[in-house]
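What follows is final21.csv (CSV, C-alpha atoms).
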chain,number,residue,atom,x,y,z
D,1,MET,CA,29.1,31.2,-42.1
D,2,ASN,CA,31.7,31.0,-44.8
D,3,THR,CA,29.0,31.8,-47.4
D,4,VAL,CA,27.7,34.7,-45.4
D,5,GLN,CA,31.2,36.0,-45.0
D,6,CYS,CA,31.9,35.8,-48.7
D,7,ARG,CA,28.7,37.6,-49.6
D,8,ALA,CA,29.5,40.3,-47.0
D,9,LEU,CA,32.9,40.8,-48.6
D,10,VAL,CA,31.3,41.1,-52.1
D,11,CYS,CA,28.9,43.7,-50.7
D,12,LEU,CA,31.9,45.5,-49.2
D,13,GLN,CA,33.7,45.6,-52.5
D,14,SER,CA,30.7,47.3,-54.1
D,15,LEU,CA,30.4,49.8,-51.3
D,16,VAL,CA,34.1,50.8,-51.4
D,17,SER,CA,33.9,51.1,-55.2
D,18,LEU,CA,30.8,53.2,-55.4
D,19,LEU,CA,30.6,55.4,-52.3
D,20,ASP,CA,32.6,58.6,-51.7
D,21,VAL,CA,35.4,58.3,-49.2
D,22,ASP,CA,33.7,60.7,-46.8
D,23,HIS,CA,30.6,58.5,-46.7
D,24,LEU,CA,32.9,55.6,-45.9
D,25,GLY,CA,34.2,57.3,-42.8
D,26,GLY,CA,37.2,59.1,-44.3
D,27,ALA,CA,40.9,58.0,-44.5
D,28,PRO,CA,41.2,56.6,-40.9
D,29,ALA,CA,38.2,54.3,-41.5
D,30,LEU,CA,39.6,53.0,-44.7
D,31,GLN,CA,43.0,52.3,-43.1
D,32,THR,CA,41.3,50.5,-40.2
D,33,LEU,CA,39.4,48.4,-42.7
D,34,ALA,CA,42.5,47.6,-44.7
D,35,GLN,CA,44.2,46.4,-41.5
D,36,HIS,CA,41.1,44.3,-40.6
D,37,LEU,CA,40.9,42.7,-44.0
D,38,SER,CA,44.6,41.8,-43.9
D,39,GLN,CA,44.3,40.4,-40.4
D,40,MET,CA,41.3,38.4,-41.4
D,41,LEU,CA,43.2,37.0,-44.4
D,42,PHE,CA,46.5,36.2,-42.7
D,43,SER,CA,44.8,34.7,-39.6
D,44,GLN,CA,43.9,31.7,-41.8
D,45,PRO,CA,47.2,30.0,-42.7
D,46,ASP,CA,45.5,27.8,-45.4
D,47,PHE,CA,43.5,30.7,-46.9
D,48,ALA,CA,44.7,29.8,-50.4
D,49,LYS,CA,42.7,26.5,-50.2
D,50,HIS,CA,39.4,28.3,-50.0
D,51,ALA,CA,38.8,29.7,-53.5
D,52,ASP,CA,35.4,31.5,-52.7
D,53,PHE,CA,36.9,33.2,-49.7
D,54,LEU,CA,40.1,34.2,-51.5
D,55,GLU,CA,38.2,35.6,-54.4
D,56,ALA,CA,35.8,37.6,-52.2
D,57,ILE,CA,38.5,39.1,-49.9
D,58,SER,CA,41.0,39.8,-52.8
D,59,SER,CA,38.2,41.6,-54.6
D,60,ALA,CA,37.4,43.7,-51.5
D,61,LEU,CA,41.1,44.4,-50.9
D,62,ARG,CA,41.6,45.4,-54.6
D,63,ALA,CA,38.6,47.8,-54.5
D,64,LEU,CA,39.8,49.3,-51.1
D,65,LEU,CA,43.4,49.7,-52.2
D,66,GLN,CA,42.3,51.3,-55.5
D,67,THR,CA,40.1,53.8,-53.6
D,68,MET,CA,42.9,54.6,-51.1
D,69,ALA,CA,45.5,55.0,-53.9
D,70,SER,CA,43.2,57.4,-55.8
D,71,ARG,CA,43.1,59.6,-52.7
D,72,ASN,CA,46.7,59.3,-51.7
D,73,ILE,CA,45.8,57.5,-48.5
D,74,SER,CA,48.7,55.5,-47.2
D,75,GLN,CA,48.2,51.7,-47.3
D,76,CYS,CA,48.5,49.2,-44.5
D,77,LEU,CA,49.8,46.0,-46.1
D,78,THR,CA,53.5,45.5,-45.8
D,79,PRO,CA,55.4,44.4,-49.0
D,80,ASP,CA,56.0,41.0,-47.3
D,81,GLN,CA,52.2,40.6,-46.7
D,82,LEU,CA,51.5,41.6,-50.2
D,83,MET,CA,53.9,39.1,-51.7
D,84,THR,CA,52.5,36.3,-49.5
D,85,LEU,CA,49.0,37.1,-50.7
D,86,CYS,CA,50.1,37.2,-54.3
D,87,LYS,CA,52.2,34.1,-54.2
D,88,ALA,CA,49.3,32.1,-52.7
D,89,GLY,CA,46.7,33.6,-54.9
D,90,ILE,CA,48.5,33.2,-58.2
D,91,HIS,CA,48.3,29.4,-57.8
D,92,SER,CA,44.6,29.4,-57.5
D,93,SER,CA,42.6,27.7,-60.2
D,94,ASN,CA,40.1,30.7,-60.0
D,95,VAL,CA,40.9,33.2,-62.7
D,96,GLY,CA,39.2,36.0,-60.7
D,97,VAL,CA,41.6,35.4,-57.8
D,98,ARG,CA,44.6,35.6,-60.0
D,99,VAL,CA,43.4,38.8,-61.7
D,100,ASN,CA,42.8,40.4,-58.3
D,101,VAL,CA,46.2,39.6,-56.8
D,102,VAL,CA,48.0,40.9,-59.9
D,103,SER,CA,45.9,44.1,-59.9
D,104,ILE,CA,46.6,44.6,-56.1
D,105,LEU,CA,50.3,44.3,-56.9
D,106,GLY,CA,50.1,46.8,-59.6
D,107,ILE,CA,48.2,49.3,-57.4
D,108,THR,CA,50.7,49.1,-54.6
D,109,GLY,CA,53.8,48.9,-56.9
D,110,SER,CA,52.8,52.1,-58.7
D,111,ILE,CA,52.7,53.9,-55.3
D,112,LEU,CA,56.1,52.4,-54.2
D,113,ALA,CA,57.6,53.5,-57.6
D,114,LYS,CA,57.3,57.1,-56.5
D,115,GLU,CA,59.0,56.6,-53.2
D,116,ASP,CA,62.7,56.4,-52.2
D,117,GLY,CA,64.4,53.2,-51.0
D,118,THR,CA,61.9,50.8,-52.7
D,119,LEU,CA,64.3,49.4,-55.4
D,120,GLU,CA,64.4,45.8,-54.0
D,121,THR,CA,60.7,45.6,-53.5
D,122,LEU,CA,60.0,46.9,-57.0
D,123,LYS,CA,62.4,44.3,-58.4
D,124,SER,CA,60.5,41.6,-56.6
D,125,ILE,CA,57.2,42.9,-57.9
D,126,GLY,CA,58.5,43.3,-61.4
D,127,CYS,CA,59.9,39.7,-61.5
D,128,PHE,CA,56.7,38.3,-60.1
D,129,LEU,CA,54.5,40.2,-62.7
D,130,LEU,CA,56.8,39.2,-65.6
D,131,GLU,CA,56.5,35.6,-64.5
D,132,VAL,CA,52.7,35.8,-64.5
D,133,ALA,CA,52.5,37.7,-67.8
D,134,THR,CA,54.7,35.2,-69.7
D,135,LYS,CA,53.5,32.0,-68.1
D,136,ASP,CA,49.9,32.2,-66.9
D,137,PRO,CA,47.6,30.0,-69.1
D,138,SER,CA,44.9,32.6,-69.1
D,139,LEU,CA,45.3,35.6,-71.5
D,140,VAL,CA,43.0,37.6,-69.2
D,141,VAL,CA,45.5,37.1,-66.3
D,142,ALA,CA,48.5,37.7,-68.5
D,143,GLY,CA,46.9,41.0,-69.8
D,144,GLU,CA,46.2,42.1,-66.2
D,145,ALA,CA,49.8,41.4,-65.3
D,146,LEU,CA,51.1,43.4,-68.3
D,147,ASP,CA,48.8,46.3,-67.3
D,148,ALA,CA,50.2,46.1,-63.7
D,149,LEU,CA,53.7,46.3,-65.1
D,150,PHE,CA,52.8,49.4,-67.1
D,151,ASP,CA,51.5,51.0,-64.0
D,152,VAL,CA,54.4,50.1,-61.8
D,153,PHE,CA,57.2,51.0,-64.2
D,154,ALA,CA,55.6,54.0,-65.8
D,155,ASP,CA,57.4,56.6,-63.7
D,156,GLY,CA,59.9,57.1,-60.9
D,157,LYS,CA,63.6,56.9,-60.5
D,158,GLU,CA,63.5,53.7,-58.4
D,159,ALA,CA,61.2,52.1,-61.0
D,160,GLU,CA,63.6,53.0,-63.8
D,161,ARG,CA,66.5,51.5,-62.0
D,162,ALA,CA,64.6,48.4,-61.1
D,163,SER,CA,63.4,47.9,-64.7
D,164,VAL,CA,66.9,47.9,-66.0
D,165,GLN,CA,68.2,45.5,-63.3
D,166,ILE,CA,65.4,42.9,-63.9
D,167,LYS,CA,65.9,43.2,-67.7
D,168,LEU,CA,62.2,44.2,-68.2
D,169,LEU,CA,62.8,45.6,-71.7
D,170,SER,CA,64.4,42.5,-73.2
D,171,THR,CA,61.9,40.1,-71.6
D,172,LEU,CA,58.9,42.1,-72.9
D,173,LYS,CA,60.4,42.5,-76.4
D,174,GLU,CA,60.8,38.7,-76.5
D,175,PHE,CA,57.2,38.2,-75.3
D,176,GLN,CA,55.5,40.7,-77.5
D,177,PRO,CA,55.2,38.5,-80.6
D,178,VAL,CA,54.2,35.5,-78.4
D,179,PHE,CA,51.4,37.6,-76.8
D,180,LYS,CA,50.1,38.7,-80.3
D,181,MET,CA,50.2,35.2,-81.6
D,182,LYS,CA,48.3,33.8,-78.5
D,183,ILE,CA,45.5,36.5,-78.9
D,184,ARG,CA,45.2,35.5,-82.6
D,185,LYS,CA,45.2,31.8,-82.0
D,186,GLU,CA,43.2,31.5,-78.8
D,187,GLY,CA,41.2,34.7,-78.8
D,188,ARG,CA,37.9,33.9,-80.5
D,189,GLY,CA,37.4,30.5,-79.2
D,190,LYS,CA,38.1,31.1,-75.5
D,191,TYR,CA,37.3,34.8,-74.7
D,192,SER,CA,34.3,37.1,-74.9
D,193,THR,CA,34.2,40.2,-77.2
D,194,ASP,CA,34.8,42.5,-74.2
D,195,GLN,CA,37.8,40.5,-73.1
D,196,LEU,CA,39.2,40.6,-76.6
D,197,CYS,CA,38.7,44.3,-76.7
D,198,VAL,CA,40.7,44.7,-73.4
D,199,LEU,CA,43.4,42.3,-74.7
D,200,ASP,CA,43.8,44.3,-77.9
D,201,ASN,CA,44.2,47.5,-75.8
D,202,VAL,CA,46.9,45.7,-73.7
D,203,LYS,CA,48.7,44.7,-76.9
D,204,MET,CA,48.7,48.3,-78.2
D,205,ASN,CA,49.9,49.6,-74.8
D,206,LEU,CA,52.6,46.9,-74.7
D,207,ARG,CA,54.0,48.3,-78.0
D,208,ARG,CA,54.1,51.8,-76.5
D,209,PHE,CA,55.5,50.7,-73.2
D,210,VAL,CA,58.4,48.8,-75.0
D,211,ALA,CA,59.2,52.0,-76.9
D,212,TYR,CA,59.2,54.0,-73.6
D,213,GLN,CA,61.4,51.4,-71.9
D,214,GLU,CA,63.9,51.7,-74.8
D,215,THR,CA,64.4,55.4,-74.0
D,216,VAL,CA,64.7,54.6,-70.3
D,217,GLU,CA,67.3,51.9,-70.8
D,218,LYS,CA,69.2,54.0,-73.3
D,219,ARG,CA,69.4,56.9,-70.9
D,220,LEU,CA,70.4,54.8,-67.9
D,221,THR,CA,73.0,52.6,-69.6
D,222,SER,CA,74.6,55.1,-72.0

In structure tokens, how does this file's structure come out?
Amino acid sequence: MNTVQCRALVCLQSLVSLLDVDHLGGAPALQTLAQHLSQMLFSQPDFAKHADFLEAISSALRALLQTMASRNISQCLTPDQLMTLCKAGIHSSNVGVRVNVVSILGITGSILAKEDGTLETLKSIGCFLLEVATKDPSLVVAGEALDALFDVFADGKEAERASVQIKLLSTLKEFQPVFKMKIRKEGRGKYSTDQLCVLDNVKMNLRRFVAYQETVEKRLTS
């Protein structure tokens, strides 16, 4: 049953990624599906122990939330649920699970960044993503965490305030040369050509993002 459930979730991920929202039943159907997936996830208190299930459901949730965000459909996971999923998933030995939870956090954080009263949640998201970016042993996961940070803190007054309060700029400036060195040292032996291409792009975007954050911090602290 577990195998069938995991395969069904993988199929669901493909359907949500490929089909038009109207063919999926519109916004209400997607919101109902998001609630169902979160209930399914949190009804299993030890879900983090089942790597196959966690990868399948986090992949499905990632695809679903991405589709909902692209259509401005309000999401159903609470910030508390989100952080519970991410804190459990980030300790998985499965790289795919870690990539998924980081991406989910980036998708939701980028939406919250444009809303009022989200400062504390954005600070929690930012601290979590910084921790992953600077400490995860996989460069693929670290790169995904950096990408998520770029999305969350790219725009919005609450995001700007949060970035200053969590010292985002100074942490990323310190990490920048470390990230470059890791790509140079570990890159060719451990990662595919496609992965290295993505990491090089993240490295370039990190430089641009640091420059952007310098202007934000200067404006807010001067």

Tell me which protein, DNA and RNA residues are within 10 Å of range 20-25 of chain D, counting only C-alpha atoms, leaving out same-chain ones fewer than 5 positions away, and put them as a list of chain:residue names.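 Within the cut-off, the hits are D:Leu15, D:Leu30, D:Thr67, D:Met68, D:Arg71.
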
Since we have the selection now, will you write its residues out, keeping C-alpha atoms, as a PDB file, keeping the file's coordinate frame?
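Saved file part_8.pdb follows:
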ATOM      1  CA  LEU D  15      30.400  49.800 -51.300  1.00  0.00           C
ATOM      2  CA  LEU D  30      39.600  53.000 -44.700  1.00  0.00           C
ATOM      3  CA  THR D  67      40.100  53.800 -53.600  1.00  0.00           C
ATOM      4  CA  MET D  68      42.900  54.600 -51.100  1.00  0.00           C
ATOM      5  CA  ARG D  71      43.100  59.600 -52.700  1.00  0.00           C
TER       6      ARG D  71
END

Find the residues around Val102 in chain D up to 7 Å (only C-alpha atoms counted), leave out those fewer than 5 positions away in its own chain, and share them as a list of chain:residue names.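 In the requested format, the answer is D:Glu144, D:Ala145, D:Ala148.
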
Residue nearest Leu146 in chain D among D:Glu217, D:Asp52, D:Glu131, D:Asp80 (counting all atoms listed in the file):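 Between D:Glu217, D:Asp52, D:Glu131, D:Asp80, the residue approaching Leu146 in chain D most closely is D:Glu131.
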
Option closest in space to Leu206 in chain D, from D:Asn72, D:Gln13, D:Gln176, D:Ser110 [counting all atoms listed in the file]: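 For Leu206 in chain D, the nearest of the candidates is D:Gln176.
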
Selection: 10 Å around Val97 in chain D, only C-alpha atoms, excl. self and same-chain fewer than 2 positions, as a ChimeraX atom specification: /D:48,51-59,86,88-95,99-103,141

Residues proximal to (60.4, 54.3, -71.5) were defined as those with any atom within 12 Å of that point in the file's coordinates, counting only C-alpha atoms. Which are they, as a list of chain:residue names?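 Result, sorted by chain then residue number: D:Phe150, D:Phe153, D:Ala154, D:Asp155, D:Gly156, D:Lys157, D:Ala159, D:Glu160, D:Arg161, D:Ser163, D:Val164, D:Leu168, D:Leu169, D:Asn205, D:Leu206, D:Arg207, D:Arg208, D:Phe209, D:Val210, D:Ala211, D:Tyr212, D:Gln213, D:Glu214, D:Thr215, D:Val216, D:Glu217, D:Lys218, D:Arg219, D:Leu220.
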
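Between CA of Asp136 in chain D and CA of Tyr191 in chain D there is a distance of 15.0 Å.
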
As a VMD selection string, please: the residues near Ala162 in chain D (cut-off 10 Å, all atoms listed in the file, same-chain neighbours under 4 positions excluded). chain D and resid 113 118 to 127 153 156 to 158 166 to 168

Computed interatomic separation between CA of Leu196 in chain D and CA of Asp147 in chain D (Å): 14.5 Å

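Among the candidate residues D:Ile104, D:Leu139, D:Leu33, D:Ile73, the one lying nearest to Leu85 in chain D is D:Ile104, with distances computed using all atoms listed in the file.
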
For CA of Ser222 in chain D and CA of Ser170 in chain D, quote the distance in Å rounded to one decimal. 16.3 Å

Neighbouring residues of range 178-190 of chain D were defined as those with any atom within 12 Å, considering only C-alpha atoms; residues of the same chain fewer than 6 positions away were excluded. Please report them as a list in words.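 In the requested format, the answer is Ala133, Thr134, Lys135, Asp136, Pro137, Ser138, Leu139, Val140, Ala142, Gly143, Leu146, Thr171, Leu172, Leu196, Cys197, Val198, Leu199, Asp200, Asn201, Val202, Lys203, Met204, Leu206 and Arg207 of chain D.
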